[in-house]
>>> print(open('query-v9.txt').read())   # compact mmCIF, C-alpha atoms and all ligand atoms
# COMPACT_ATOMS: atom_id res chain seq x y z
CA MET A 29 130.30 175.27 82.57
CA SER A 30 132.31 177.51 80.22
CA THR A 31 130.86 180.81 79.05
CA GLU A 32 132.88 181.15 75.86
CA ARG A 33 133.29 179.00 72.81
CA GLU A 34 136.40 176.78 72.83
CA GLN A 35 139.35 177.89 70.66
CA PRO A 36 139.86 177.25 67.82
CA ARG A 37 136.23 177.71 66.96
CA LYS A 38 134.59 174.84 65.18
CA LYS A 39 131.94 175.43 62.55
CA VAL A 40 128.60 175.34 64.36
CA THR A 41 126.47 172.51 62.99
CA PRO A 42 123.30 170.74 64.14
CA ALA A 43 125.52 167.98 65.60
CA LEU A 44 127.65 170.49 67.54
CA LEU A 45 124.51 172.19 68.87
CA ARG A 46 123.21 168.84 70.11
CA LYS A 47 126.55 168.20 71.84
CA MET A 48 126.43 171.65 73.44
CA LYS A 49 123.04 170.80 74.91
CA GLU A 50 124.32 167.46 76.22
CA LYS A 51 127.24 169.24 77.90
CA GLY A 52 125.04 172.01 79.32
CA ARG A 53 126.68 174.72 77.20
CA LYS A 54 124.26 177.51 76.31
CA VAL A 55 123.71 178.45 72.67
CA VAL A 56 124.13 182.13 71.80
CA MET A 57 121.99 183.32 68.89
CA LEU A 58 121.47 186.87 67.62
CA THR A 59 119.75 188.28 64.57
CA ALA A 60 121.87 189.61 61.70
CA TYR A 61 120.75 191.23 58.50
CA ASP A 62 123.91 192.76 57.04
CA TRP A 63 127.59 191.98 56.45
CA LEU A 64 129.05 194.59 58.80
CA LEU A 65 127.16 193.67 61.96
CA ALA A 66 127.29 189.95 61.12
CA GLY A 67 131.10 190.21 61.02
CA LEU A 68 131.15 191.76 64.50
CA LEU A 69 128.82 189.08 65.87
CA GLU A 70 131.01 186.39 64.30
CA GLU A 71 134.11 187.93 65.88
CA ALA A 72 132.37 188.08 69.27
CA GLY A 73 131.77 184.32 69.09
CA VAL A 74 128.02 184.18 68.51
CA ASP A 75 127.02 180.57 67.69
CA ILE A 76 124.06 181.19 65.37
CA LEU A 77 123.39 184.21 63.16
CA LEU A 78 119.64 184.28 62.58
CA VAL A 79 118.64 186.19 59.48
CA GLY A 80 115.22 186.84 60.95
CA ASP A 81 112.27 188.09 58.97
CA SER A 82 112.25 190.74 61.71
CA ALA A 83 114.48 192.45 59.10
CA GLY A 84 111.20 193.63 57.61
CA MET A 85 110.46 195.70 60.71
CA VAL A 86 113.99 196.53 61.90
CA VAL A 87 115.60 197.40 58.56
CA HIS A 88 112.71 198.17 56.22
CA GLY A 89 110.22 199.81 58.57
CA PHE A 90 107.25 197.52 57.88
CA PRO A 91 104.66 197.32 60.69
CA ASP A 92 105.05 193.51 60.94
CA THR A 93 106.86 190.64 59.18
CA LEU A 94 104.10 189.82 56.69
CA PRO A 95 105.35 191.98 53.76
CA VAL A 96 108.78 190.29 53.81
CA THR A 97 109.57 188.45 50.56
CA MET A 98 111.97 185.71 49.43
CA ASP A 99 114.01 188.24 47.43
CA LEU A 100 114.49 190.44 50.45
CA MET A 101 115.46 187.52 52.71
CA LEU A 102 117.86 186.08 50.12
CA ALA A 103 119.70 189.39 49.87
CA HIS A 104 120.03 189.74 53.66
CA THR A 105 121.08 186.09 54.03
CA ALA A 106 123.78 186.34 51.35
CA ALA A 107 125.24 189.44 53.06
CA VAL A 108 125.33 187.70 56.45
CA ALA A 109 126.76 184.46 55.00
CA ARG A 110 129.66 186.44 53.49
CA ALA A 111 130.68 187.47 57.01
CA ALA A 112 130.11 184.13 58.75
CA ARG A 113 133.01 181.80 59.46
CA SER A 114 132.27 179.45 62.33
CA ALA A 115 128.77 180.73 63.15
CA MET A 116 125.84 178.83 61.69
CA VAL A 117 123.67 181.00 59.42
CA VAL A 118 119.94 180.29 59.72
CA ALA A 119 117.53 182.05 57.36
CA ASP A 120 113.91 182.71 58.25
CA MET A 121 111.46 181.50 55.63
CA PRO A 122 109.15 184.48 55.03
CA PHE A 123 105.35 184.44 55.15
CA LEU A 124 103.82 182.49 52.22
CA SER A 125 107.16 181.03 51.13
CA TYR A 126 106.32 177.64 52.71
CA GLN A 127 102.55 177.61 53.24
CA VAL A 128 101.29 177.37 49.64
CA ASN A 129 102.53 173.89 48.75
CA PRO A 130 105.38 171.55 49.74
CA ASP A 131 107.17 171.69 46.37
CA GLU A 132 107.34 175.46 46.43
CA ALA A 133 108.46 175.34 50.08
CA LEU A 134 111.27 172.89 49.28
CA ARG A 135 112.46 175.01 46.38
CA ASN A 136 112.39 178.19 48.48
CA ALA A 137 114.19 176.56 51.41
CA GLY A 138 116.80 175.16 49.03
CA ARG A 139 117.44 178.61 47.56
CA PHE A 140 118.67 179.85 50.95
CA LEU A 141 121.39 177.17 50.94
CA GLN A 142 122.15 177.12 47.22
CA GLU A 143 122.00 180.84 46.35
CA ALA A 144 122.58 182.65 49.64
CA GLY A 145 124.99 180.40 51.55
CA ALA A 146 122.77 179.67 54.55
CA ASP A 147 123.37 176.60 56.72
CA GLY A 148 119.71 176.05 57.56
CA VAL A 149 116.25 177.59 57.60
CA LYS A 150 113.69 178.44 60.27
CA LEU A 151 109.94 178.24 59.86
CA GLU A 152 107.03 178.95 62.17
CA GLY A 153 104.34 176.52 63.31
CA GLY A 154 103.83 173.09 64.84
CA LYS A 155 101.84 170.09 63.61
CA ARG A 156 100.75 171.89 60.46
CA VAL A 157 104.36 172.16 59.24
CA ALA A 158 105.62 168.78 60.55
CA GLY A 159 105.23 167.01 57.20
CA LEU A 160 107.09 169.82 55.49
CA VAL A 161 109.91 169.71 58.06
CA GLU A 162 110.33 165.98 57.30
CA ARG A 163 110.50 166.70 53.59
CA LEU A 164 113.10 169.47 53.94
CA VAL A 165 115.25 167.42 56.33
CA GLU A 166 115.04 164.46 53.96
CA ALA A 167 116.35 166.76 51.21
CA GLY A 168 119.32 167.70 53.42
CA ILE A 169 118.10 171.06 54.70
CA PRO A 170 118.55 171.63 58.45
CA VAL A 171 115.33 173.11 59.90
CA MET A 172 114.85 175.14 63.07
CA GLY A 173 111.29 175.24 64.45
CA HIS A 174 109.56 178.25 66.01
CA LEU A 175 106.65 177.97 68.47
CA GLY A 176 104.93 180.18 71.03
CA LEU A 177 104.48 183.69 69.68
CA THR A 178 104.89 183.28 65.94
CA PRO A 179 104.96 186.78 64.40
CA GLN A 180 103.72 185.62 60.98
CA SER A 181 100.40 184.78 62.71
CA VAL A 182 100.13 188.20 64.33
CA LYS A 183 96.80 188.93 62.60
CA THR A 184 95.23 185.96 64.44
CA THR A 185 97.17 185.81 67.72
CA GLY A 186 98.49 189.32 68.28
CA TYR A 187 101.76 189.70 70.19
CA SER A 188 100.51 188.34 73.52
CA LEU A 189 102.04 185.65 75.75
CA GLN A 190 101.38 182.14 74.40
CA GLY A 191 100.92 178.90 76.35
CA GLY A 192 99.64 180.75 79.42
CA THR A 193 96.90 178.25 80.38
CA GLU A 194 97.41 174.57 81.23
CA ASP A 195 95.60 173.52 78.04
CA GLU A 196 97.61 175.84 75.83
CA ALA A 197 100.86 174.77 77.48
CA GLY A 198 100.00 171.09 76.93
CA ARG A 199 99.20 171.75 73.27
CA LEU A 200 102.41 173.67 72.76
CA LEU A 201 104.51 170.90 74.32
CA GLU A 202 102.80 168.38 72.05
CA GLU A 203 103.59 170.55 69.01
CA ALA A 204 107.23 170.71 70.14
CA ARG A 205 107.39 166.89 70.41
CA VAL A 206 105.90 166.52 66.93
CA LEU A 207 108.45 168.94 65.46
CA GLU A 208 111.32 167.10 67.12
CA GLU A 209 109.98 163.83 65.74
CA ALA A 210 109.83 165.46 62.29
CA GLY A 211 113.56 166.25 62.47
CA ILE A 212 114.14 169.86 63.56
CA PHE A 213 117.69 170.48 64.83
CA SER A 214 116.62 173.20 67.25
CA LEU A 215 113.49 175.02 68.41
CA VAL A 216 112.86 178.71 69.09
CA LEU A 217 110.30 179.32 71.82
CA GLU A 218 109.04 182.90 71.86
CA LYS A 219 107.16 184.68 74.64
CA VAL A 220 105.94 181.73 76.69
CA PRO A 221 105.97 181.21 80.49
CA ALA A 222 109.39 180.25 81.84
CA SER A 223 107.91 177.08 83.41
CA LEU A 224 106.68 175.85 80.03
CA ALA A 225 110.03 176.56 78.34
CA GLU A 226 111.77 174.68 81.16
CA LYS A 227 109.60 171.61 80.50
CA ALA A 228 110.22 171.80 76.75
CA ALA A 229 113.99 172.13 77.24
CA SER A 230 114.12 169.16 79.59
CA GLU A 231 111.92 166.94 77.39
CA LEU A 232 113.44 167.68 73.99
CA LYS A 233 116.83 166.40 72.91
CA VAL A 234 117.35 169.30 70.49
CA PRO A 235 118.37 172.70 71.92
CA VAL A 236 115.47 174.99 72.83
CA ILE A 237 116.42 178.61 72.23
CA GLY A 238 114.30 181.15 74.07
CA ILE A 239 113.25 184.72 73.48
CA GLY A 240 111.06 185.91 76.34
CA ALA A 241 110.97 182.29 77.53
CA GLY A 242 112.94 182.43 80.79
CA PRO A 243 116.36 181.20 81.89
CA SER A 244 115.98 177.40 81.57
CA CYS A 245 116.24 177.27 77.77
CA ASP A 246 119.34 175.74 76.20
CA GLY A 247 120.16 179.07 74.57
CA GLN A 248 118.90 182.61 74.11
CA VAL A 249 118.20 184.81 71.12
CA LEU A 250 117.47 188.52 70.88
CA VAL A 251 117.08 190.95 68.03
CA THR A 252 120.55 192.51 67.94
CA GLN A 253 119.27 196.06 67.46
CA ASP A 254 117.08 195.66 70.59
CA MET A 255 119.95 194.52 72.83
CA LEU A 256 122.21 197.26 71.46
CA GLY A 257 119.59 199.89 72.36
CA LEU A 258 119.22 201.15 68.80
CA PHE A 259 115.55 201.92 69.43
CA PRO A 260 115.78 204.32 72.37
CA THR A 261 112.00 204.27 73.03
CA PHE A 262 111.33 200.52 72.47
CA LYS A 263 112.09 198.23 75.39
CA PRO A 264 110.10 195.02 75.69
CA LYS A 265 110.27 193.27 79.11
CA PHE A 266 112.30 190.34 77.77
CA VAL A 267 115.11 192.50 76.33
CA ARG A 268 118.24 193.37 78.28
CA ARG A 269 120.16 196.30 76.82
CA TYR A 270 123.92 195.90 76.59
CA ALA A 271 124.49 199.29 74.97
CA GLU A 272 122.62 202.51 74.25
CA LEU A 273 123.70 202.89 70.65
CA GLY A 274 120.54 204.74 69.60
CA ASN A 275 121.32 207.60 71.98
CA GLN A 276 125.03 207.46 71.13
CA ILE A 277 124.24 207.74 67.40
CA LEU A 278 121.85 210.64 68.03
CA ASP A 279 124.52 212.42 70.04
CA ALA A 280 127.27 211.74 67.46
CA VAL A 281 125.15 212.94 64.54
CA LYS A 282 124.11 216.09 66.41
CA ARG A 283 127.78 216.86 67.16
CA PHE A 284 128.72 216.28 63.50
CA ALA A 285 125.92 218.61 62.35
CA ARG A 286 127.03 221.25 64.86
CA ASP A 287 130.67 221.04 63.67
CA VAL A 288 129.68 221.26 59.98
CA ARG A 289 127.44 224.25 60.61
CA SER A 290 130.04 226.05 62.69
CA GLY A 291 132.81 225.37 60.13
CA ASP A 292 134.80 223.35 62.71
CA PHE A 293 134.72 220.23 60.49
CA PRO A 294 136.83 219.48 58.56
CA GLY A 295 139.83 220.91 60.39
CA PRO A 296 143.49 220.93 59.27
CA LYS A 297 143.96 217.25 60.33
CA GLU A 298 141.05 216.11 58.16
CA SER A 299 142.13 218.15 55.12
CA PHE A 300 144.72 217.53 52.37
O1 LIG B 401 112.62 187.14 62.98
C1 LIG B 401 113.22 187.06 64.06
O2 LIG B 401 114.03 187.91 64.44
C2 LIG B 401 112.93 185.92 64.92
C3 LIG B 401 113.48 185.93 66.30
C4 LIG B 401 112.80 186.93 67.12
C5 LIG B 401 113.46 184.59 66.94
O3 LIG B 401 112.25 185.02 64.51
>>> encode(input="query-v9.txt", output="structure tokens")
Amino acid sequence: MSTEREQPRKKVTPALLRKMKEKGRKVVMLTAYDWLLAGLLEEAGVDILLVGDSAGMVVHGFPDTLPVTMDLMLAHTAAVARAARSAMVVADMPFLSYQVNPDEALRNAGRFLQEAGADGVKLEGGKRVAGLVERLVEAGIPVMGHLGLTPQSVKTTGYSLQGGTEDEAGRLLEEARVLEEAGIFSLVLEKVPASLAEKAASELKVPVIGIGAGPSCDGQVLVTQDMLGLFPTFKPKFVRRYAELGNQILDAVKRFARDVRSGDFPGPKESF
């Protein structure tokens, strides 16, 4: 099993993702909200850039994802799409952009492709969105599903582990089957027991991408700022930190402030 994408990199599409699953190649997905970081993720060979509605919390400081709007998501998606080359850009449909009625949902999903340059959309929920998934796919819009912990339902479910009992696990697997039948090209499973994610990944033909869902998923996703350690005091169990950028930034800014205050910056080399 290879750990890196083959060269030259092909554009990541739903068909390529399906092939990756068949060959046992793991899908690498990270969140991206802006052009600069998206370009670095693209260069590092990330397969899917997810313009998550987590942007609301990570970039805009909202307490949850509920205040996120279409306008905000379109702007983030367009910035990310400008940096993407071979990576697939998937835009999260924000709260209330797809729940009100199917026509509005289709128009909103289409805007991500037509106006912002996305390659697909993601929406949360199971059976209740299956009809909508069919409609979007029929219109030519690739749809990624999202089950388990679905942050747009935080007011009813909280942020706790989902699918923890046998009944809940059975229901969640059934929802996953229904979504696959409806035409999703991939499924995000968030914060569920590893055993349940393993079953879903082995039953479904589409790649199951986990976040807090154990090692048996067909791919993994994290919020980029979490894995880069940009929030020094926030470390959920399912995150592995690959850098400590929060502390590095704090240190760099403190050193800059010290040099400005002491008159050490700018020096002769930084002056004309
Ligand atoms: O919004 C987001 O970042 C997400 C991921 C956590 C899967 O939906």
>>> residues_near_ligand(input="query-v9.txt", ligand="ligand LIG 401 (chain B)", cutoff="6 Å", atoms="only C-alpha atoms and all ligand atoms", output="list of chain:residue names")
A:Thr59, A:Gly80, A:Asp81, A:Ser82, A:Val251
>>> residues_near_point(input="query-v9.txt", point="(123.0, 181.5, 61.6)", cutoff="7 Å", atoms="only C-alpha atoms", output="list in words")
Ile76, Leu77, Leu78, Val79, Ala115, Met116, Val117, Val118, Ala119 and Asp147 of chain A
>>> closest_residue(input="query-v9.txt", among="A:Thr185, A:Leu65, A:Leu175, A:Ala210", to="Arg163 of chain A", atoms="all atoms listed in the file")
A:Ala210
>>> residues_around(input="query-v9.txt", residues="Leu68 of chain A", least_positions_apart="6", cutoff="10 Å", atoms="all atoms listed in the file", output="MDAnalysis selection string")
chainID A and resid 60 74 111:112
>>> closest_residue(input="query-v9.txt", among="A:Gly295, A:Pro235, A:Gly257, A:Gly274", to="Arg46 of chain A", atoms="all atoms listed in the file")
A:Pro235
>>> atom_distance(input="query-v9.txt", atom1="atom CA of Gln276 of chain A", atom2="atom CA of Phe259 of chain A")
11.1 Å
>>> residues_near_point(input="query-v9.txt", point="(100.3, 169.9, 70.0)", cutoff="12 Å", atoms="all atoms listed in the file", output="VMD selection string")
chain A and resid 153 to 158 175 to 176 191 195 to 208
>>> residues_around(input="query-v9.txt", residues="segment 91-94 of chain A", least_positions_apart="2", cutoff="9 Å", atoms="all atoms listed in the file", output="ChimeraX atom specification")
/A:81-85,89,96-97,122-124,179-182
>>> residues_around(input="query-v9.txt", residues="Val216 of chain A", least_positions_apart="4", cutoff="9 Å", atoms="only C-alpha atoms", output="PDB file with C-alpha atoms, in the coordinates of the input")
ATOM      1  CA  LYS A 150     113.690 178.440  60.270  1.00  0.00           C
ATOM      2  CA  MET A 172     114.850 175.140  63.070  1.00  0.00           C
ATOM      3  CA  GLY A 173     111.290 175.240  64.450  1.00  0.00           C
ATOM      4  CA  HIS A 174     109.560 178.250  66.010  1.00  0.00           C
ATOM      5  CA  LEU A 175     106.650 177.970  68.470  1.00  0.00           C
ATOM      6  CA  GLY A 176     104.930 180.180  71.030  1.00  0.00           C
ATOM      7  CA  PRO A 235     118.370 172.700  71.920  1.00  0.00           C
ATOM      8  CA  VAL A 236     115.470 174.990  72.830  1.00  0.00           C
ATOM      9  CA  ILE A 237     116.420 178.610  72.230  1.00  0.00           C
ATOM     10  CA  GLY A 238     114.300 181.150  74.070  1.00  0.00           C
ATOM     11  CA  ILE A 239     113.250 184.720  73.480  1.00  0.00           C
ATOM     12  CA  GLN A 248     118.900 182.610  74.110  1.00  0.00           C
ATOM     13  CA  VAL A 249     118.200 184.810  71.120  1.00  0.00           C
TER      14      VAL A 249
END
>>> axis_aligned_box(input="query-v9.txt", around="segment 209-216 of chain A", padding_each_side="8 Å", output="JSON")
{"center_x": 113.8, "center_y": 171.3, "center_z": 65.7, "size_x": 23.9, "size_y": 30.9, "size_z": 22.8}
>>> closest_residue(input="query-v9.txt", among="A:Asn275, A:Phe213, A:Gly247, A:Lys227", to="Pro260 of chain A", atoms="only C-alpha atoms")
A:Asn275
>>> atom_distance(input="query-v9.txt", atom1="atom CA of Met101 of chain A", atom2="atom CA of Thr252 of chain A")
16.8 Å
>>> atom_distance(input="query-v9.txt", atom1="atom CA of Met255 of chain A", atom2="atom CA of Ala72 of chain A")
14.4 Å
>>> closest_residue(input="query-v9.txt", among="A:Asp120, A:Asp279, A:Glu272, A:Glu152", to="Phe140 of chain A", atoms="all atoms listed in the file")
A:Asp120
>>> closest_residue(input="query-v9.txt", among="A:Ala146, A:Lys233, A:Gln253, A:Trp63", to="Glu209 of chain A", atoms="all atoms listed in the file")
A:Lys233
>>> residues_around(input="query-v9.txt", residues="Gly145 of chain A", least_positions_apart="3", cutoff="7 Å", atoms="all atoms listed in the file", output="ChimeraX atom specification")
/A:106,109,140-142
>>> residues_around(input="query-v9.txt", residues="Glu50 of chain A", least_positions_apart="2", cutoff="12 Å", atoms="only C-alpha atoms", output="list in words")
Met29, Ala43, Leu44, Leu45, Arg46, Lys47, Met48, Gly52, Arg53, Lys54, Val55, Ala229, Ser230, Leu232, Lys233, Val234, Pro235 and Asp246 of chain A
